[in-house]
$ cat start-v3.cif   # mmCIF, C-alpha atoms and all ligand atoms
data_query
loop_
_atom_site.group_PDB
_atom_site.id
_atom_site.type_symbol
_atom_site.label_atom_id
_atom_site.label_comp_id
_atom_site.auth_asym_id
_atom_site.auth_seq_id
_atom_site.Cartn_x
_atom_site.Cartn_y
_atom_site.Cartn_z
ATOM 1 C CA MET A 723 6.405 -12.289 14.878
ATOM 2 C CA SER A 724 3.261 -10.945 16.486
ATOM 3 C CA ARG A 725 2.324 -7.461 15.407
ATOM 4 C CA VAL A 726 0.155 -5.035 17.331
ATOM 5 C CA VAL A 727 -2.248 -2.830 15.440
ATOM 6 C CA GLY A 728 -3.431 0.230 17.355
ATOM 7 C CA VAL A 729 -6.733 1.959 16.815
ATOM 8 C CA LEU A 730 -6.910 5.665 17.560
ATOM 9 C CA ALA A 731 -9.614 5.766 20.228
ATOM 10 C CA LEU A 732 -10.083 9.452 21.013
ATOM 11 C CA GLN A 733 -13.523 9.541 19.429
ATOM 12 C CA GLY A 734 -15.546 7.801 16.751
ATOM 13 C CA ALA A 735 -16.003 4.301 15.373
ATOM 14 C CA PHE A 736 -12.929 2.556 16.763
ATOM 15 C CA GLU A 737 -14.387 -0.632 18.278
ATOM 16 C CA ALA A 738 -15.645 -2.056 15.004
ATOM 17 C CA HIS A 739 -12.109 -1.757 13.599
ATOM 18 C CA GLN A 740 -10.724 -3.659 16.582
ATOM 19 C CA HIS A 741 -13.233 -6.427 15.989
ATOM 20 C CA VAL A 742 -12.082 -6.895 12.386
ATOM 21 C CA LEU A 743 -8.392 -6.749 13.343
ATOM 22 C CA ARG A 744 -8.915 -9.418 16.016
ATOM 23 C CA GLU A 745 -10.762 -11.607 13.515
ATOM 24 C CA LEU A 746 -7.720 -11.298 11.257
ATOM 25 C CA GLY A 747 -5.554 -12.586 14.112
ATOM 26 C CA PHE A 748 -3.919 -9.341 15.205
ATOM 27 C CA GLU A 749 -3.479 -8.070 18.702
ATOM 28 C CA THR A 750 -5.075 -4.639 18.925
ATOM 29 C CA VAL A 751 -4.933 -1.822 21.481
ATOM 30 C CA GLN A 752 -6.805 1.444 21.867
ATOM 31 C CA VAL A 753 -4.508 4.425 21.503
ATOM 32 C CA ARG A 754 -5.263 7.568 23.505
ATOM 33 C CA THR A 755 -1.806 8.578 24.740
ATOM 34 C CA PRO A 756 1.742 8.791 23.373
ATOM 35 C CA ALA A 757 2.699 5.874 25.689
ATOM 36 C CA GLU A 758 0.016 3.654 24.111
ATOM 37 C CA LEU A 759 1.239 4.625 20.646
ATOM 38 C CA GLU A 760 4.632 3.162 21.510
ATOM 39 C CA LEU A 761 3.035 -0.280 21.852
ATOM 40 C CA VAL A 762 1.846 -0.458 18.256
ATOM 41 C CA ASP A 763 3.394 -1.398 14.913
ATOM 42 C CA ALA A 764 0.591 0.133 12.829
ATOM 43 C CA LEU A 765 -2.368 2.424 13.428
ATOM 44 C CA VAL A 766 -5.959 2.724 12.237
ATOM 45 C CA MET A 767 -7.607 6.152 12.349
ATOM 46 C CA PRO A 768 -11.377 5.618 12.413
ATOM 47 C CA GLY A 769 -14.359 7.593 11.209
ATOM 48 C CA GLY A 770 -15.985 10.112 13.502
ATOM 49 C CA GLU A 771 -15.635 13.860 13.528
ATOM 50 C CA SER A 772 -12.299 15.094 12.217
ATOM 51 C CA THR A 773 -12.498 18.502 13.916
ATOM 52 C CA THR A 774 -13.049 16.891 17.329
ATOM 53 C CA MET A 775 -10.326 14.326 16.702
ATOM 54 C CA SER A 776 -7.909 17.026 15.597
ATOM 55 C CA HIS A 777 -8.547 18.927 18.827
ATOM 56 C CA LEU A 778 -8.110 15.821 20.997
ATOM 57 C CA LEU A 779 -4.952 14.817 19.117
ATOM 58 C CA VAL A 780 -3.369 18.122 20.052
ATOM 59 C CA THR A 781 -4.514 18.183 23.696
ATOM 60 C CA SER A 782 -3.479 14.538 24.292
ATOM 61 C CA GLY A 783 0.005 15.169 22.917
ATOM 62 C CA LEU A 784 -0.624 12.468 20.314
ATOM 63 C CA PHE A 785 -0.424 14.752 17.307
ATOM 64 C CA GLU A 786 3.339 15.162 17.568
ATOM 65 C CA SER A 787 4.039 11.524 18.450
ATOM 66 C CA ILE A 788 1.904 10.194 15.594
ATOM 67 C CA ASP A 789 3.511 12.682 13.223
ATOM 68 C CA ALA A 790 6.949 11.393 14.211
ATOM 69 C CA ARG A 791 5.915 7.734 13.739
ATOM 70 C CA LEU A 792 4.392 8.532 10.330
ATOM 71 C CA LYS A 793 7.684 10.098 9.265
ATOM 72 C CA GLN A 794 9.412 6.839 10.281
ATOM 73 C CA GLY A 795 7.041 4.907 7.983
ATOM 74 C CA MET A 796 4.561 3.371 10.436
ATOM 75 C CA PRO A 797 1.697 1.853 8.397
ATOM 76 C CA VAL A 798 -1.527 3.781 8.906
ATOM 77 C CA PHE A 799 -5.071 3.343 7.627
ATOM 78 C CA GLY A 800 -7.459 6.295 7.799
ATOM 79 C CA THR A 801 -11.154 5.775 7.170
ATOM 80 C CA CYS A 802 -13.536 8.672 6.612
ATOM 81 C CA ALA A 803 -12.607 11.252 9.301
ATOM 82 C CA GLY A 804 -9.315 9.323 9.617
ATOM 83 C CA MET A 805 -8.680 9.992 5.928
ATOM 84 C CA ILE A 806 -9.268 13.706 6.522
ATOM 85 C CA LEU A 807 -6.678 13.648 9.319
ATOM 86 C CA LEU A 808 -4.059 12.074 7.049
ATOM 87 C CA ALA A 809 -4.635 14.378 4.067
ATOM 88 C CA GLN A 810 -2.267 17.037 2.788
ATOM 89 C CA GLY A 811 -5.071 19.559 2.398
ATOM 90 C CA VAL A 812 -8.558 19.903 3.885
ATOM 91 C CA LEU A 813 -10.456 22.236 1.578
ATOM 92 C CA ASP A 814 -13.367 22.982 3.874
ATOM 93 C CA GLY A 815 -11.762 22.315 7.227
ATOM 94 C CA ARG A 816 -12.229 24.442 10.289
ATOM 95 C CA SER A 817 -9.486 27.047 10.591
ATOM 96 C CA ASP A 818 -8.029 25.369 13.694
ATOM 97 C CA GLN A 819 -8.236 21.853 12.226
ATOM 98 C CA LYS A 820 -4.908 20.067 11.793
ATOM 99 C CA SER A 821 -3.993 17.225 9.459
ATOM 100 C CA PHE A 822 -0.817 15.165 9.135
ATOM 101 C CA GLY A 823 -0.152 15.664 5.412
ATOM 102 C CA ALA A 824 0.881 11.996 5.258
ATOM 103 C CA ILE A 825 -0.701 11.353 1.856
ATOM 104 C CA ASP A 826 -0.714 13.706 -1.125
ATOM 105 C CA ILE A 827 -4.462 14.241 -1.372
ATOM 106 C CA ASP A 828 -6.769 17.183 -0.761
ATOM 107 C CA VAL A 829 -10.161 16.349 0.662
ATOM 108 C CA LYS A 830 -13.525 18.024 0.915
ATOM 109 C CA ARG A 831 -15.139 17.121 4.225
ATOM 110 C CA ASN A 832 -18.703 17.778 3.280
ATOM 111 C CA ALA A 833 -18.694 17.011 -0.398
ATOM 112 C CA TYR A 834 -21.768 14.819 -0.497
ATOM 113 C CA GLY A 835 -24.896 16.891 0.041
ATOM 114 C CA ARG A 836 -27.310 16.303 2.855
ATOM 115 C CA GLN A 837 -29.693 14.238 0.728
ATOM 116 C CA ILE A 838 -27.042 11.583 0.203
ATOM 117 C CA ASP A 839 -25.349 11.985 3.568
ATOM 118 C CA SER A 840 -25.103 8.245 3.814
ATOM 119 C CA PHE A 841 -25.311 5.600 1.128
ATOM 120 C CA GLU A 842 -24.117 2.095 0.348
ATOM 121 C CA THR A 843 -22.796 0.796 -2.933
ATOM 122 C CA ASP A 844 -20.685 -1.995 -4.395
ATOM 123 C CA ILE A 845 -17.266 -0.909 -5.623
ATOM 124 C CA ALA A 846 -14.585 -2.681 -7.625
ATOM 125 C CA VAL A 847 -11.296 -2.752 -5.724
ATOM 126 C CA ASP A 848 -7.979 -3.260 -7.476
ATOM 127 C CA GLY A 849 -6.931 -6.898 -7.013
ATOM 128 C CA PHE A 850 -10.271 -8.135 -5.602
ATOM 129 C CA VAL A 851 -12.218 -10.711 -7.608
ATOM 130 C CA ASP A 852 -15.591 -9.676 -6.186
ATOM 131 C CA ASP A 853 -16.889 -6.161 -5.502
ATOM 132 C CA PHE A 854 -16.712 -4.726 -1.988
ATOM 133 C CA HIS A 855 -19.869 -3.421 -0.342
ATOM 134 C CA ALA A 856 -18.930 0.086 0.775
ATOM 135 C CA VAL A 857 -20.825 2.104 3.393
ATOM 136 C CA PHE A 858 -20.424 5.880 3.066
ATOM 137 C CA ILE A 859 -21.419 8.062 6.035
ATOM 138 C CA ARG A 860 -21.074 11.822 5.585
ATOM 139 C CA ALA A 861 -18.117 10.837 3.490
ATOM 140 C CA PRO A 862 -15.257 13.120 2.539
ATOM 141 C CA GLN A 863 -14.288 13.331 -1.117
ATOM 142 C CA ILE A 864 -10.778 13.247 -2.545
ATOM 143 C CA ALA A 865 -10.729 16.456 -4.586
ATOM 144 C CA ARG A 866 -7.103 16.094 -5.769
ATOM 145 C CA TYR A 867 -4.441 13.422 -5.619
ATOM 146 C CA GLY A 868 -0.774 13.620 -6.499
ATOM 147 C CA ASP A 869 1.322 11.405 -8.808
ATOM 148 C CA GLY A 870 2.650 9.349 -5.917
ATOM 149 C CA VAL A 871 -0.819 8.157 -4.949
ATOM 150 C CA THR A 872 -2.061 4.760 -6.139
ATOM 151 C CA VAL A 873 -5.797 4.577 -6.762
ATOM 152 C CA LEU A 874 -7.264 1.310 -5.431
ATOM 153 C CA ALA A 875 -10.978 1.979 -5.945
ATOM 154 C CA ARG A 876 -13.373 4.543 -7.349
ATOM 155 C CA HIS A 877 -17.041 5.265 -6.960
ATOM 156 C CA GLY A 878 -18.031 6.894 -10.256
ATOM 157 C CA GLN A 879 -15.308 9.486 -10.886
ATOM 158 C CA ASP A 880 -14.317 9.756 -7.234
ATOM 159 C CA VAL A 881 -11.314 7.977 -5.777
ATOM 160 C CA VAL A 882 -12.543 6.277 -2.598
ATOM 161 C CA LEU A 883 -9.625 3.996 -1.683
ATOM 162 C CA ALA A 884 -5.996 4.981 -2.182
ATOM 163 C CA ARG A 885 -2.492 4.335 -0.988
ATOM 164 C CA GLN A 886 0.850 6.112 -0.897
ATOM 165 C CA GLY A 887 3.690 4.079 0.603
ATOM 166 C CA SER A 888 2.548 2.822 3.993
ATOM 167 C CA VAL A 889 -0.426 5.193 4.152
ATOM 168 C CA MET A 890 -3.848 3.875 3.089
ATOM 169 C CA VAL A 891 -7.095 5.851 3.086
ATOM 170 C CA ALA A 892 -10.765 5.071 2.466
ATOM 171 C CA SER A 893 -13.578 7.592 2.282
ATOM 172 C CA PHE A 894 -16.013 4.859 3.352
ATOM 173 C CA HIS A 895 -16.319 2.551 6.397
ATOM 174 C CA PRO A 896 -14.907 -0.940 5.663
ATOM 175 C CA GLU A 897 -15.253 -1.911 9.330
ATOM 176 C CA LEU A 898 -19.051 -1.890 9.103
ATOM 177 C CA THR A 899 -19.409 -5.009 6.962
ATOM 178 C CA SER A 900 -18.248 -8.544 7.677
ATOM 179 C CA ASP A 901 -15.958 -8.416 4.634
ATOM 180 C CA MET A 902 -12.397 -8.160 5.957
ATOM 181 C CA ARG A 903 -10.548 -7.860 2.650
ATOM 182 C CA ILE A 904 -9.728 -4.151 2.953
ATOM 183 C CA HIS A 905 -8.328 -4.488 6.478
ATOM 184 C CA SER A 906 -6.386 -7.444 5.203
ATOM 185 C CA LEU A 907 -4.941 -5.265 2.440
ATOM 186 C CA PHE A 908 -3.857 -2.811 5.130
ATOM 187 C CA THR A 909 -2.337 -5.374 7.486
ATOM 188 C CA GLY A 910 -0.449 -6.693 4.447
ATOM 189 C CA LEU A 911 1.539 -3.436 4.625
ATOM 190 C CA LEU A 912 3.027 -4.677 7.897
ATOM 191 C CA GLN A 913 4.849 -7.348 5.949
ATOM 192 C CA GLU A 914 6.474 -4.668 3.841
ATOM 193 C CA VAL A 915 8.083 -2.706 6.688
HETATM 194 N N1 LIG B 1 -17.621 14.531 7.831
HETATM 195 C C1 LIG B 1 -16.929 13.991 8.973
HETATM 196 C C2 LIG B 1 -15.742 14.860 9.370
HETATM 197 O O1 LIG B 1 -15.569 15.923 8.884
HETATM 198 C C3 LIG B 1 -16.450 12.582 8.697
HETATM 199 C C4 LIG B 1 -17.584 11.610 8.733
HETATM 200 C C5 LIG B 1 -17.214 10.214 9.132
HETATM 201 O O2 LIG B 1 -16.113 9.930 9.597
HETATM 202 N N2 LIG B 1 -18.163 9.315 9.045
HETATM 203 O O3 LIG B 1 -14.976 14.471 10.210
#
$ encode --input "start-v3.cif" --output "structure tokens" --more "lines below"
Ligand code: GLN
Amino acid sequence: MSRVVGVLALQGAFEAHQHVLRELGFETVQVRTPAELELVDALVMPGGESTTMSHLLVTSGLFESIDARLKQGMPVFGTCAGMILLAQGVLDGRSDQKSFGAIDIDVKRNAYGRQIDSFETDIAVDGFVDDFHAVFIRAPQIARYGDGVTVLARHGQDVVLARQGSVMVASFHPELTSDMRIHSLFTGLLQEV
């Protein structure tokens, strides 16, 4: 059966995700409205600016529709700002910033100081034979994670890739390299639902 993977396209780095999903053989659509959300079986929330995305999610009416789909178990993959949107708690969020609380983690948006705003490093990912080259751009940090969360990768002490049920999050940008293994891990969740 053909499955459609949506990419939240309100703001941020959504096109690179679509490119990877197409390479993996999936149909992909940009999601900006509740009607477009109805077309998809799974959703990627890209990097960008979580405060802006939060605002646009509310004004577009998508916040409520995505929330409902998440409660029904739709697979979702949040990268960077997308991870912030899916978190239970945002420790240094703006007061009007909303998140879905879909995964039991608390995040710090601006945890990495200005001097290391962006960096690249190889990380070991659970189940991968070779390391994954991870690109971090003003990356959020997972400051706490609950018992139900499975850690898939760390950078030093920090958890940088994690999963709880059909929700996967990465603090880095896997769409910016030609290595498709992390997207493949995510699309694998579609087989489980
Ligand atoms: N720090 C950004 C935020 O708060 C996230 C950065 C990113 O997505 N590359 O949304």
$ resolve_selection --input "start-v3.cif" --expression "the PyMOL selection byres (((chain A and resi 807) around 8) and not hetatm)" --output "PyMOL selection string"
chain A and resi 772+776+800+803-806+808-809+820-823
$ axis_aligned_box --input "start-v3.cif" --around "region 802-818 of chain A" --padding-each-side "8 Å" --output "lines of an AutoDock Vina configuration file"
center_x = -7.9
center_y = 17.9
center_z = 7.6
size_x = 27.3
size_y = 34.4
size_z = 28.1
$ atom_distance --input "start-v3.cif" --atom1 "atom N1 of ligand LIG 1 (chain B)" --atom2 "CA of Cys802 (chain A)"
7.2 Å
$ residues_around --input "start-v3.cif" --residues "Leu784 (chain A)" --least-positions-apart "2" --cutoff "12 Å" --atoms "all atoms listed in the file" --output "PDB file with C-alpha atoms, in the coordinates of the input"
ATOM      1  CA  LEU A 730      -6.910   5.665  17.560  1.00  0.00           C
ATOM      2  CA  ALA A 731      -9.614   5.766  20.228  1.00  0.00           C
ATOM      3  CA  LEU A 732     -10.083   9.452  21.013  1.00  0.00           C
ATOM      4  CA  VAL A 753      -4.508   4.425  21.503  1.00  0.00           C
ATOM      5  CA  ARG A 754      -5.263   7.568  23.505  1.00  0.00           C
ATOM      6  CA  THR A 755      -1.806   8.578  24.740  1.00  0.00           C
ATOM      7  CA  PRO A 756       1.742   8.791  23.373  1.00  0.00           C
ATOM      8  CA  ALA A 757       2.699   5.874  25.689  1.00  0.00           C
ATOM      9  CA  GLU A 758       0.016   3.654  24.111  1.00  0.00           C
ATOM     10  CA  LEU A 759       1.239   4.625  20.646  1.00  0.00           C
ATOM     11  CA  GLU A 760       4.632   3.162  21.510  1.00  0.00           C
ATOM     12  CA  MET A 775     -10.326  14.326  16.702  1.00  0.00           C
ATOM     13  CA  SER A 776      -7.909  17.026  15.597  1.00  0.00           C
ATOM     14  CA  HIS A 777      -8.547  18.927  18.827  1.00  0.00           C
ATOM     15  CA  LEU A 778      -8.110  15.821  20.997  1.00  0.00           C
ATOM     16  CA  LEU A 779      -4.952  14.817  19.117  1.00  0.00           C
ATOM     17  CA  VAL A 780      -3.369  18.122  20.052  1.00  0.00           C
ATOM     18  CA  THR A 781      -4.514  18.183  23.696  1.00  0.00           C
ATOM     19  CA  SER A 782      -3.479  14.538  24.292  1.00  0.00           C
ATOM     20  CA  GLU A 786       3.339  15.162  17.568  1.00  0.00           C
ATOM     21  CA  SER A 787       4.039  11.524  18.450  1.00  0.00           C
ATOM     22  CA  ILE A 788       1.904  10.194  15.594  1.00  0.00           C
ATOM     23  CA  ASP A 789       3.511  12.682  13.223  1.00  0.00           C
ATOM     24  CA  ALA A 790       6.949  11.393  14.211  1.00  0.00           C
ATOM     25  CA  ARG A 791       5.915   7.734  13.739  1.00  0.00           C
ATOM     26  CA  LEU A 792       4.392   8.532  10.330  1.00  0.00           C
ATOM     27  CA  PHE A 822      -0.817  15.165   9.135  1.00  0.00           C
TER      28      PHE A 822
END
$ resolve_selection --input "start-v3.cif" --expression "the PyMOL selection byres (((not hetatm)) within 12 of (chain B and resi 1))" --output "JSON, numbers by chain"
{"A": [733, 734, 735, 736, 767, 768, 769, 770, 771, 772, 773, 774, 775, 776, 777, 800, 801, 802, 803, 804, 805, 806, 807, 808, 812, 813, 814, 815, 816, 819, 820, 821, 829, 830, 831, 832, 833, 834, 835, 836, 839, 840, 841, 857, 858, 859, 860, 861, 862, 863, 891, 892, 893, 894, 895, 896, 897, 898]}
$ resolve_selection --input "start-v3.cif" --expression "the PyMOL selection byres (((chain A and resi 762) around 7) and not hetatm)" --output "NGL selection string"
:A and (726-728 or 759-761 or 763-764)
$ write_last_selection --input "start-v3.cif" --atoms "C-alpha atoms" --output "CSV table (one decimal), keeping the file's coordinate frame"
chain,number,residue,atom,x,y,z
A,726,VAL,CA,0.2,-5.0,17.3
A,727,VAL,CA,-2.2,-2.8,15.4
A,728,GLY,CA,-3.4,0.2,17.4
A,759,LEU,CA,1.2,4.6,20.6
A,760,GLU,CA,4.6,3.2,21.5
A,761,LEU,CA,3.0,-0.3,21.9
A,763,ASP,CA,3.4,-1.4,14.9
A,764,ALA,CA,0.6,0.1,12.8
$ residues_around --input "start-v3.cif" --residues "Gly868 (chain A)" --least-positions-apart "6" --cutoff "9 Å" --atoms "only C-alpha atoms" --output "PyMOL selection string"
chain A and resi 825-827
$ residues_near_point --input "start-v3.cif" --point "(-2.8, 8.4, -3.4)" --cutoff "6 Å" --atoms "only C-alpha atoms" --output "list in words"
Tyr867, Val871, Thr872, Val873, Ala884, Arg885 and Gln886 of chain A
$ atom_distance --input "start-v3.cif" --atom1 "CA of His877 (chain A)" --atom2 "CA of Ile845 (chain A)"
6.3 Å
$ atom_distance --input "start-v3.cif" --atom1 "CA of Phe799 (chain A)" --atom2 "CA of Gly849 (chain A)"
18.0 Å
$ closest_residue --input "start-v3.cif" --among "A:Lys793, A:Gly783, A:Thr843, A:Thr909" --to "Thr750 (chain A)" --atoms "only C-alpha atoms"
A:Thr909
$ closest_residue --input "start-v3.cif" --among "A:Gly811, A:Leu743, A:Gln794, A:Asp848" --to "Leu874 (chain A)" --atoms "only C-alpha atoms"
A:Asp848
$ closest_residue --input "start-v3.cif" --among "A:Leu746, A:Val751, A:Ala875, A:Val889" --to "Phe850 (chain A)" --atoms "only C-alpha atoms"
A:Ala875
$ closest_residue --input "start-v3.cif" --among "A:Glu749, A:Asp828, A:Glu914, A:Asp901" --to "Asp852 (chain A)" --atoms "only C-alpha atoms"
A:Asp901
$ closest_residue --input "start-v3.cif" --among "A:Val729, A:Val742, A:Ile864, A:Val798" --to "Leu912 (chain A)" --atoms "all atoms listed in the file"
A:Val798
